[in-house]
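Have a look at data33.tsv below; it lists TSV, C-alpha atoms.
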chain	number	residue	atom	x	y	z
A	28	MET	CA	0.00	0.00	0.00
A	29	ASN	CA	1.12	3.54	-0.59
A	30	ARG	CA	2.39	5.32	2.46
A	31	THR	CA	0.60	8.41	3.78
A	32	PRO	CA	2.75	11.51	3.14
A	33	SER	CA	4.07	13.71	5.93
A	34	GLN	CA	2.88	17.26	6.59
A	35	THR	CA	4.34	19.86	8.91
A	36	VAL	CA	3.55	19.72	12.62
A	37	GLY	CA	2.75	23.46	12.30
A	38	PRO	CA	2.94	26.10	15.04
A	39	PHE	CA	0.10	24.87	17.28
A	40	PHE	CA	1.09	21.28	18.02
A	41	SER	CA	1.42	21.91	21.75
A	42	ILE	CA	-2.39	21.72	21.95
A	43	GLY	CA	-2.22	18.03	21.14
A	44	LEU	CA	1.35	16.91	21.76
A	45	SER	CA	2.76	18.78	24.74
A	46	ARG	CA	0.04	18.62	27.34
A	47	GLU	CA	2.21	16.64	29.77
A	48	PRO	CA	5.52	16.42	27.95
A	49	PRO	CA	7.49	13.50	29.38
A	50	THR	CA	10.93	15.09	29.63
A	51	GLU	CA	12.27	12.83	32.39
A	52	LEU	CA	13.69	9.61	30.98
A	53	ALA	CA	15.39	8.99	34.32
A	54	ASP	CA	14.59	9.68	37.95
A	55	PRO	CA	16.12	13.12	38.72
A	56	SER	CA	17.23	11.78	42.12
A	57	ASP	CA	19.28	9.02	40.45
A	58	PRO	CA	22.96	9.95	41.07
A	59	ALA	CA	23.68	9.05	37.43
A	60	ALA	CA	20.94	11.34	36.10
A	61	VAL	CA	22.09	14.29	34.03
A	62	ARG	CA	20.36	17.12	32.21
A	63	LEU	CA	20.58	16.85	28.43
A	64	HIS	CA	19.66	20.18	26.92
A	65	GLY	CA	20.30	22.39	23.93
A	66	GLN	CA	19.02	24.91	21.45
A	67	LEU	CA	17.26	24.35	18.15
A	68	LEU	CA	18.58	26.89	15.63
A	69	ASP	CA	17.57	27.83	12.09
A	70	GLY	CA	19.76	28.66	9.09
A	71	GLN	CA	20.19	32.25	10.27
A	72	GLY	CA	21.29	31.10	13.70
A	73	LEU	CA	17.98	32.20	15.20
A	74	PRO	CA	16.24	30.08	17.81
A	75	ILE	CA	13.31	27.95	16.66
A	76	GLY	CA	10.80	28.71	19.39
A	77	ASP	CA	8.04	26.47	18.09
A	78	GLY	CA	9.88	23.19	17.66
A	79	MET	CA	9.55	19.82	19.34
A	80	ILE	CA	12.20	17.23	20.14
A	81	GLU	CA	11.49	13.54	20.70
A	82	LEU	CA	14.19	11.40	22.29
A	83	TRP	CA	14.34	7.60	22.02
A	84	ASP	CA	16.73	5.24	23.77
A	85	PRO	CA	16.77	2.20	21.46
A	86	ALA	CA	18.64	0.01	23.96
A	87	GLY	CA	16.65	0.81	27.12
A	88	ARG	CA	13.37	1.60	25.31
A	89	ARG	CA	12.86	4.94	27.03
A	90	TRP	CA	11.07	7.78	25.22
A	91	GLY	CA	10.60	11.47	25.89
A	92	ARG	CA	9.32	14.64	24.28
A	93	SER	CA	10.08	18.33	24.87
A	94	GLY	CA	8.80	21.45	23.18
A	95	THR	CA	11.23	24.31	22.60
A	96	ASP	CA	10.81	27.66	24.36
A	97	ALA	CA	11.17	31.15	22.90
A	98	GLU	CA	14.97	30.74	22.93
A	99	GLY	CA	14.68	27.42	21.10
A	100	ARG	CA	15.69	25.54	24.24
A	101	PHE	CA	14.73	21.98	25.06
A	102	SER	CA	15.68	19.95	28.11
A	103	PHE	CA	15.53	16.33	29.31
A	104	VAL	CA	16.68	14.41	32.38
A	105	VAL	CA	18.47	11.25	31.28
A	106	THR	CA	20.91	8.57	32.23
A	107	LYS	CA	23.26	7.32	29.54
A	108	PRO	CA	21.66	4.56	27.46
A	109	GLY	CA	23.22	1.15	27.12
A	110	ALA	CA	24.80	0.28	23.79
A	111	LEU	CA	23.33	-1.88	21.05
A	112	PRO	CA	25.83	-4.55	19.90
A	113	GLY	CA	28.73	-2.95	18.03
A	114	GLN	CA	27.37	0.58	18.46
A	115	ALA	CA	28.17	3.48	20.74
A	116	PRO	CA	25.55	4.50	23.32
A	117	ARG	CA	23.17	7.08	21.89
A	118	PHE	CA	19.73	8.56	21.81
A	119	ASP	CA	17.83	8.79	18.54
A	120	VAL	CA	16.38	12.26	18.11
A	121	PHE	CA	13.44	13.44	16.02
A	122	VAL	CA	13.10	17.15	15.29
A	123	PHE	CA	9.68	18.63	14.47
A	124	ALA	CA	8.87	22.28	13.69
A	125	ARG	CA	6.77	24.63	11.67
A	126	GLY	CA	8.61	24.86	8.35
A	127	LEU	CA	9.71	21.22	8.49
A	128	LEU	CA	7.41	19.35	6.13
A	129	ARG	CA	8.79	16.09	7.50
A	130	HIS	CA	10.48	15.54	10.85
A	131	GLN	CA	14.24	15.11	10.79
A	132	LEU	CA	16.28	12.36	12.43
A	133	THR	CA	19.60	12.81	14.21
A	134	ARG	CA	21.51	11.15	17.08
A	135	VAL	CA	23.12	12.35	20.26
A	136	HIS	CA	26.30	10.61	21.44
A	137	PHE	CA	28.29	11.02	24.65
A	138	PRO	CA	31.62	12.87	24.89
A	139	GLU	CA	33.20	10.45	27.39
A	140	GLU	CA	32.64	7.49	25.06
A	141	GLY	CA	35.71	8.15	22.87
A	142	PRO	CA	36.66	4.54	22.04
A	143	ALA	CA	33.07	3.42	21.53
A	144	ASN	CA	32.34	6.48	19.39
A	145	ALA	CA	35.47	5.80	17.30
A	146	ALA	CA	34.30	2.23	16.71
A	147	ASP	CA	30.70	3.16	15.88
A	148	GLU	CA	30.04	2.41	12.22
A	149	VAL	CA	27.74	5.36	11.59
A	150	LEU	CA	30.00	7.91	13.33
A	151	ALA	CA	33.14	6.46	11.73
A	152	ASN	CA	31.73	6.99	8.24
A	153	LEU	CA	31.31	10.73	8.80
A	154	ASP	CA	33.99	13.39	8.34
A	155	GLU	CA	35.27	14.92	11.55
A	156	ARG	CA	33.24	18.11	11.36
A	157	SER	CA	30.00	16.20	10.75
A	158	ARG	CA	30.80	13.71	13.51
A	159	ALA	CA	31.27	16.55	15.98
A	160	THR	CA	27.67	17.69	15.43
A	161	LEU	CA	26.41	14.40	16.90
A	162	VAL	CA	28.40	14.41	20.15
A	163	ALA	CA	27.06	16.35	23.15
A	164	ALA	CA	29.42	18.62	25.12
A	165	GLN	CA	30.05	18.53	28.87
A	166	GLU	CA	28.95	21.90	30.24
A	167	HIS	CA	28.58	22.73	33.95
A	168	GLY	CA	27.71	19.17	34.84
A	169	ALA	CA	25.11	18.89	32.10
A	170	LEU	CA	25.20	17.66	28.52
A	171	ARG	CA	24.74	20.30	25.86
A	172	PHE	CA	23.47	19.31	22.42
A	173	ASP	CA	22.57	22.09	19.98
A	174	ILE	CA	20.74	21.26	16.77
A	175	ARG	CA	21.44	23.42	13.71
A	176	MET	CA	19.10	22.97	10.77
A	177	GLN	CA	21.35	24.54	8.12
A	178	GLY	CA	24.75	26.06	7.44
A	179	ASP	CA	28.41	25.08	7.77
A	180	ARG	CA	27.78	23.57	11.16
A	181	GLN	CA	24.50	21.91	10.24
A	182	THR	CA	23.72	18.91	12.41
A	183	VAL	CA	23.91	15.61	10.54
A	184	PHE	CA	20.43	14.37	9.69
A	185	PHE	CA	19.72	10.81	8.58
A	186	GLU	CA	17.47	9.36	5.94
A	187	HIS	CA	14.56	7.59	7.60
B	20	MET	CA	-1.65	28.28	-10.22
B	21	ALA	CA	-1.62	30.84	-7.42
B	22	THR	CA	1.29	33.23	-7.73
B	23	ILE	CA	2.62	36.44	-6.29
B	24	GLN	CA	4.36	38.10	-9.21
B	25	ASP	CA	7.00	35.57	-10.30
B	26	ASP	CA	7.17	33.76	-7.02
B	27	PRO	CA	5.08	30.58	-7.19
B	28	ILE	CA	3.11	29.50	-4.14
B	29	VAL	CA	2.12	26.20	-5.73
B	30	LEU	CA	4.59	24.34	-7.95
B	31	PRO	CA	3.49	22.08	-10.82
B	32	ASP	CA	2.66	18.47	-9.99
B	33	ASP	CA	5.56	16.05	-10.25
B	34	PRO	CA	4.82	12.31	-9.79
B	35	GLU	CA	8.55	11.62	-9.39
B	36	PHE	CA	8.27	12.66	-5.76
B	37	GLY	CA	5.89	9.79	-4.94
B	38	PRO	CA	4.90	9.91	-1.26
B	39	GLU	CA	7.78	12.23	-0.32
B	40	VAL	CA	7.20	15.84	0.55
B	41	GLN	CA	9.53	18.38	-1.02
B	42	VAL	CA	11.17	19.45	2.22
B	43	ASP	CA	12.46	22.76	0.84
B	44	TYR	CA	9.18	23.74	-0.81
B	45	PRO	CA	9.62	27.44	-1.64
B	46	GLY	CA	5.90	28.27	-1.62
B	47	TYR	CA	5.85	27.38	2.08
B	48	ARG	CA	8.02	30.26	3.30
B	49	SER	CA	8.98	28.81	6.65
B	50	THR	CA	10.99	26.04	4.99
B	51	ARG	CA	13.61	28.53	3.80
B	52	TRP	CA	15.70	28.68	6.97
B	53	ARG	CA	14.55	25.43	8.52
B	54	ALA	CA	14.73	22.64	5.93
B	55	PRO	CA	18.16	20.96	6.12
B	56	SER	CA	20.37	22.15	3.28
B	57	ARG	CA	22.86	19.26	3.32
B	58	PRO	CA	22.10	15.79	1.96
B	59	LEU	CA	20.67	13.27	4.43
B	60	VAL	CA	23.06	10.52	5.54
B	61	THR	CA	22.04	6.90	4.95
B	62	LEU	CA	21.91	4.59	7.98
B	63	PRO	CA	22.60	0.84	7.95
B	64	GLU	CA	19.53	-1.07	6.77
B	65	GLU	CA	18.93	-2.85	10.09
B	66	PHE	CA	18.30	0.50	11.79
B	67	HIS	CA	14.96	0.74	10.03
B	68	ASP	CA	13.72	-2.41	11.80
B	69	LEU	CA	14.37	-1.16	15.34
B	70	GLU	CA	11.24	-1.00	17.44
B	71	GLY	CA	9.81	2.30	18.62
B	72	PRO	CA	8.04	3.30	21.83
B	73	VAL	CA	4.89	1.49	22.90
B	74	PHE	CA	2.16	3.36	24.78
B	75	GLY	CA	-0.34	1.81	27.15
B	76	PRO	CA	-4.03	2.46	27.80
B	77	GLU	CA	-3.19	4.26	31.07
B	78	LEU	CA	-2.22	7.25	28.92
B	79	ILE	CA	-5.70	7.59	27.46
B	80	GLY	CA	-8.51	9.35	29.31
B	81	GLU	CA	-12.12	8.24	28.98
B	82	LEU	CA	-13.12	11.24	26.83
B	83	ASP	CA	-9.85	11.77	24.97
B	84	HIS	CA	-11.44	10.42	21.75
B	85	ASP	CA	-14.49	12.71	21.96
B	86	LEU	CA	-13.59	16.36	21.51
B	87	THR	CA	-17.25	17.37	21.84
B	88	ARG	CA	-17.52	16.14	25.45
B	89	GLN	CA	-14.43	17.55	27.13
B	90	HIS	CA	-16.16	20.59	28.63
B	91	ALA	CA	-19.38	21.46	30.45
B	92	GLY	CA	-21.18	22.44	27.26
B	93	GLU	CA	-21.07	21.37	23.64
B	94	PRO	CA	-18.75	23.10	21.18
B	95	LEU	CA	-20.29	25.05	18.30
B	96	GLY	CA	-19.91	23.74	14.79
B	97	GLU	CA	-20.70	20.80	12.57
B	98	ARG	CA	-20.38	17.59	14.60
B	99	ILE	CA	-18.40	14.90	12.76
B	100	VAL	CA	-17.09	11.38	13.31
B	101	VAL	CA	-13.65	10.72	11.81
B	102	THR	CA	-12.43	7.15	11.73
B	103	GLY	CA	-10.04	4.88	9.88
B	104	ARG	CA	-7.28	2.33	10.29
B	105	VAL	CA	-3.55	2.50	10.81
B	106	LEU	CA	-1.92	0.03	8.43
B	107	ASP	CA	1.58	-0.94	7.43
B	108	GLU	CA	2.70	-1.00	3.81
B	109	ALA	CA	1.62	-4.63	3.49
B	110	GLY	CA	-1.90	-3.61	4.54
B	111	ARG	CA	-1.66	-5.23	7.98
B	112	ALA	CA	-3.31	-3.56	10.96
B	113	VAL	CA	-1.03	-1.67	13.34
B	114	ARG	CA	-2.50	-2.49	16.77
B	115	GLY	CA	-2.12	-0.33	19.85
B	116	ALA	CA	-0.71	2.60	17.87
B	117	LEU	CA	-0.92	5.95	19.66
B	118	VAL	CA	-2.88	8.44	17.52
B	119	GLU	CA	-2.88	12.07	18.68
B	120	ILE	CA	-4.84	14.85	16.98
B	121	TRP	CA	-5.20	18.59	17.30
B	122	GLN	CA	-7.22	21.13	15.35
B	123	ALA	CA	-8.80	24.59	15.11
B	124	ASN	CA	-12.37	25.15	16.28
B	125	ALA	CA	-15.32	25.63	13.93
B	126	ALA	CA	-14.43	29.32	13.50
B	127	GLY	CA	-10.86	28.53	12.43
B	128	ARG	CA	-9.19	29.47	15.71
B	129	TYR	CA	-6.73	27.39	17.73
B	130	ARG	CA	-6.69	27.47	21.51
B	131	HIS	CA	-3.07	28.64	21.44
B	132	GLU	CA	-1.51	31.92	22.55
B	133	VAL	CA	0.27	32.41	19.22
B	134	ASP	CA	-2.98	32.22	17.20
B	135	GLN	CA	-4.18	35.83	16.79
B	136	HIS	CA	-6.78	35.22	14.09
B	137	PRO	CA	-9.75	37.45	15.07
B	138	ALA	CA	-12.24	34.60	15.20
B	139	PRO	CA	-13.88	33.55	18.47
B	140	LEU	CA	-12.48	30.95	20.81
B	141	ASP	CA	-15.00	28.36	21.92
B	142	PRO	CA	-15.04	27.81	25.70
B	143	ASN	CA	-16.29	24.29	25.07
B	144	PHE	CA	-13.55	23.21	22.67
B	145	SER	CA	-9.90	22.46	23.37
B	146	GLY	CA	-9.19	20.78	20.04
B	147	ALA	CA	-7.03	17.89	21.26
B	148	GLY	CA	-7.67	14.15	21.22
B	149	ARG	CA	-5.88	10.85	21.45
B	150	CYS	CA	-6.56	7.14	21.33
B	151	LEU	CA	-4.91	3.77	20.74
B	152	THR	CA	-5.82	1.68	17.70
B	153	ASP	CA	-7.76	-1.54	18.34
B	154	ASP	CA	-6.91	-5.05	17.10
B	155	GLU	CA	-8.00	-4.10	13.56
B	156	GLY	CA	-5.85	-0.99	13.66
B	157	ARG	CA	-8.96	1.13	13.92
B	158	TRP	CA	-9.15	4.58	15.53
B	159	ARG	CA	-12.14	6.89	15.90
B	160	PHE	CA	-12.70	10.47	17.04
B	161	VAL	CA	-15.85	12.53	17.52
B	162	THR	CA	-15.18	16.22	16.95
B	163	ILE	CA	-16.44	19.28	15.07
B	164	LYS	CA	-15.35	20.22	11.56
B	165	PRO	CA	-12.44	22.67	11.86
B	166	GLY	CA	-12.80	26.01	10.12
B	167	SER	CA	-10.42	27.48	7.56
B	168	TYR	CA	-8.19	30.30	8.70
B	169	PRO	CA	-5.81	32.89	7.23
B	170	TRP	CA	-2.07	32.62	7.75
B	171	GLY	CA	0.83	34.91	7.01
B	172	ASN	CA	2.57	32.82	4.37
B	173	HIS	CA	1.62	35.08	1.45
B	174	GLU	CA	-1.04	37.59	0.52
B	175	ASN	CA	-4.58	36.29	1.13
B	176	ALA	CA	-3.31	32.89	2.23
B	177	TRP	CA	-5.87	30.53	3.81
B	178	ARG	CA	-5.39	27.01	5.09
B	179	PRO	CA	-7.91	24.40	3.98
B	180	SER	CA	-9.81	22.75	6.85
B	181	HIS	CA	-7.57	20.11	8.38
B	182	ILE	CA	-6.97	17.95	11.43
B	183	HIS	CA	-3.37	17.37	12.54
B	184	PHE	CA	-2.41	13.74	13.20
B	185	SER	CA	0.58	12.23	15.01
B	186	VAL	CA	1.03	8.44	14.81
B	187	PHE	CA	3.63	5.99	16.14
B	188	GLY	CA	4.26	2.78	14.21
B	189	ARG	CA	5.81	-0.46	15.44
B	190	GLN	CA	9.22	0.57	14.19
B	191	PHE	CA	10.87	3.77	15.28
B	192	THR	CA	11.28	5.00	11.72
B	193	ARG	CA	7.58	4.60	10.87
B	194	ARG	CA	6.72	7.70	12.88
B	195	LEU	CA	4.29	9.97	11.02
B	196	VAL	CA	3.04	13.50	11.63
B	197	THR	CA	0.63	14.72	8.99
B	198	GLN	CA	-2.63	16.55	8.28
B	199	MET	CA	-6.00	15.18	7.16
B	200	TYR	CA	-8.01	17.29	4.73
B	201	PHE	CA	-11.70	17.22	3.78
B	202	PRO	CA	-13.07	16.28	0.35
B	203	GLY	CA	-14.12	19.09	-1.95
B	204	ASP	CA	-12.30	21.85	-0.07
B	205	PRO	CA	-11.72	24.65	-2.62
B	206	LEU	CA	-8.68	25.90	-0.69
B	207	LEU	CA	-6.65	22.72	-1.31
B	208	GLU	CA	-5.81	23.94	-4.80
B	209	PHE	CA	-3.99	26.98	-3.39
B	210	ASP	CA	-2.32	25.47	-0.34
B	211	PRO	CA	1.49	25.20	-0.48
B	212	ILE	CA	1.63	22.77	2.45
B	213	ALA	CA	-0.65	20.25	0.75
B	214	HIS	CA	1.18	20.85	-2.53
B	215	SER	CA	4.56	20.10	-0.95
B	216	VAL	CA	3.40	16.57	-1.81
B	217	ARG	CA	4.00	17.08	-5.52
B	218	ASP	CA	2.63	13.74	-6.72
B	219	PRO	CA	-1.14	14.29	-7.11
B	220	LYS	CA	-1.90	10.61	-6.32
B	221	ALA	CA	0.06	10.83	-3.08
B	222	ARG	CA	-1.58	14.15	-2.23
B	223	ARG	CA	-5.02	12.53	-2.52
B	224	LEU	CA	-3.98	10.15	0.28
B	225	LEU	CA	-4.22	13.14	2.64
B	226	ILE	CA	-7.92	13.69	1.90
B	227	ALA	CA	-10.59	11.82	3.87
B	228	SER	CA	-13.68	10.38	2.19
B	229	PHE	CA	-17.20	11.24	3.21
B	230	ASP	CA	-18.72	7.97	4.46
B	231	LEU	CA	-22.46	7.41	4.83
B	232	GLU	CA	-21.87	4.26	6.90
B	233	THR	CA	-19.88	6.22	9.46
B	234	THR	CA	-22.45	9.00	9.41
B	235	GLN	CA	-24.78	8.74	12.41
B	236	PRO	CA	-28.43	9.52	11.59
B	237	ASP	CA	-29.71	12.72	13.18
B	238	TRP	CA	-26.33	13.23	14.85
B	239	ALA	CA	-23.06	13.59	12.91
B	240	LEU	CA	-21.49	13.35	9.45
B	241	GLY	CA	-18.88	10.62	9.03
B	242	TYR	CA	-15.49	10.66	7.36
B	243	ARG	CA	-13.07	7.80	6.76
B	244	TRP	CA	-9.33	8.09	6.42
B	245	ASP	CA	-6.79	5.28	6.49
B	246	ILE	CA	-3.22	5.99	7.52
B	247	VAL	CA	-0.44	3.88	5.99
B	248	LEU	CA	2.89	3.93	7.81
B	249	GLY	CA	5.85	3.15	5.63
B	250	ARG	CA	9.51	3.88	5.38
B	251	ALA	CA	10.91	6.58	3.22
B	252	GLY	CA	13.63	5.93	0.73
B	253	ALA	CA	12.60	5.00	-2.80
B	254	ARG	CA	12.03	8.60	-3.75
B	255	THR	CA	11.76	8.08	-7.48
B	256	THR	CA	9.41	5.09	-7.50
B	257	PRO	CA	6.05	6.12	-8.94
B	258	LEU	CA	3.04	5.23	-6.79
B	259	GLU	CA	1.33	1.89	-7.34
B	260	GLU	CA	-2.00	2.07	-9.10
B	261	SER	CA	-4.71	1.76	-6.50

Starting from the file, give its structure as structure tokens.
Amino acid sequence: MNRTPSQTVGPFFSIGLSREPPTELADPSDPAAVRLHGQLLDGQGLPIGDGMIELWDPAGRRWGRSGTDAEGRFSFVVTKPGALPGQAPRFDVFVFARGLLRHQLTRVHFPEEGPANAADEVLANLDERSRATLVAAQEHGALRFDIRMQGDRQTVFFEH
Amino acid sequence: MATIQDDPIVLPDDPEFGPEVQVDYPGYRSTRWRAPSRPLVTLPEEFHDLEGPVFGPELIGELDHDLTRQHAGEPLGERIVVTGRVLDEAGRAVRGALVEIWQANAAGRYRHEVDQHPAPLDPNFSGAGRCLTDDEGRWRFVTIKPGSYPWGNHENAWRPSHIHFSVFGRQFTRRLVTQMYFPGDPLLEFDPIAHSVRDPKARRLLIASFDLETTQPDWALGYRWDIVLGRAGARTTPLEES
């Protein structure tokens, strides 16, 4: 059968999708819990204030969703996922926004996982600059992961 | 074709796109600084078979499927029943799929702080619903027909009536967010969002059918719309005849 096409999530999705956004994928009192946050930015470097991020841990089967605020910021509480065989630990990330006719797929990896990241097939096949867009940064005890939709530092997005 | 000077709002049909949207569709202005400008990277094939999140019935409230009964009074507008199935590309039912919807009220106004269209809010209408599909993949909502509304995309731009849908498939990559339109809407012809699906056969898949069987006598008109979750990829394959 022919697949139903995508259409943009539009500017008003919070009515239906962000009533009780589940941003905690881990118990905040867990000593291993860390804040994973960032900014969603457009091709002019401006914040996307009406976007939505969905996070999926394919190893631990944990899912979360966060809208972005006026500064384009999103935030989750997480613990680091386990690794699928032969892959580095990661979250899969969907990006939704007005102006995106289909959601985009990216991944967030962990900065302290150097050897595992180096051995990860998907990361290893990217050039260094592209690879860097998929690894969060340690910042004041939190993990920072900015998502850039366009430009020289555009985040890598995957076909899906 | 609707145009502003030389700047087309609606591009000519192009069946080569199949079920894909043109992500950088120039008639939809907001794509300009938001659609990724670099080519998408291909993932190993097995990634596309990874399972996605599963949602349980505890998430669903008793009246989440009936947008006409979520307040003390009844919302104004034309009461409708919208139903259909969630299917995979082989035509098999997707059971237990979370379906979330949101929409404008009958006057074309969303209950959202950003919506400044000078049409009345309806104190008896929030415009949000959700349900899980049953064993046949079936979902059903009772709501009111959403109104059309102007938007700032171009001069005299109006969105056709639509209901927003969000659906999770079995596999992570079968996630779908889309919009359902109504048959015979004269605004569809001028809408750059609908026309970002450049294959006219694929675009028709976004339009519900009026259904007399779903229509409830002396109560509500019925519409049917099936949702097929598939994986993207074969961009240049023309649609099957159906």

What are the residues of chain A that have an atom within 7 Å of an atom of chain B, counting all atoms listed in the file, as a compact mmCIF listing (two decimals) with C-alpha atoms, in the frame of the given file?
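Result file out.txt:
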# COMPACT_ATOMS: atom_id res chain seq x y z
CA MET A 28 0.00 0.00 0.00
CA ASN A 29 1.12 3.54 -0.59
CA ARG A 30 2.39 5.32 2.46
CA THR A 31 0.60 8.41 3.78
CA PRO A 32 2.75 11.51 3.14
CA SER A 33 4.07 13.71 5.93
CA GLN A 34 2.88 17.26 6.59
CA THR A 35 4.34 19.86 8.91
CA VAL A 36 3.55 19.72 12.62
CA PHE A 39 0.10 24.87 17.28
CA PHE A 40 1.09 21.28 18.02
CA ILE A 42 -2.39 21.72 21.95
CA GLY A 43 -2.22 18.03 21.14
CA ASP A 69 17.57 27.83 12.09
CA GLY A 70 19.76 28.66 9.09
CA GLN A 71 20.19 32.25 10.27
CA ARG A 88 13.37 1.60 25.31
CA TRP A 90 11.07 7.78 25.22
CA ARG A 125 6.77 24.63 11.67
CA GLY A 126 8.61 24.86 8.35
CA LEU A 127 9.71 21.22 8.49
CA LEU A 128 7.41 19.35 6.13
CA ARG A 129 8.79 16.09 7.50
CA VAL A 149 27.74 5.36 11.59
CA MET A 176 19.10 22.97 10.77
CA GLN A 177 21.35 24.54 8.12
CA PHE A 184 20.43 14.37 9.69
CA PHE A 185 19.72 10.81 8.58
CA GLU A 186 17.47 9.36 5.94
CA HIS A 187 14.56 7.59 7.60

| task | With a distance cut-off of 7 Å and all atoms listed in the file, select the neighbouring residues of Phe123 of chain A, excluding the residue or stretch itself and same-chain residues fewer than 4 positions from it, and output the selection as JSON, numbers by chain. | result | {"A": [36, 78, 79, 80, 127, 130, 131]}

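All residues of protein, DNA or RNA that reach within 8 Å of Thr233 of chain B, judged by only C-alpha atoms and not counting those fewer than 4 positions away in the chain, are Val100, Thr102, Leu240, Gly241, Tyr242 and Arg243 of chain B.
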
| request: Tell me which protein, DNA and RNA residues are within 8 Å of Ala116 of chain B, counting only C-alpha atoms, leaving out same-chain ones fewer than 5 positions away, and put them as number ranges by chain. | output: B: 73-74, 105, 151-152, 156, 186-189

| query | Could you name the residues that touch Asp54 of chain A at 9 Å or less, counting all atoms listed in the file, but leaving out those on the same chain fewer than 2 positions away, as a ChimeraX atom specification? | reply | /A:51-52,56-58,60,104-106

| field | Residue nearest Glu97 of chain B among B:Ile28, B:Ala112, B:Ala138, B:Ile163 (counting all atoms listed in the file) | value | B:Ile163

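Here atom CA of Arg46 of chain A is placed at a distance of 19.8 Å from atom CA of Val120 of chain A.
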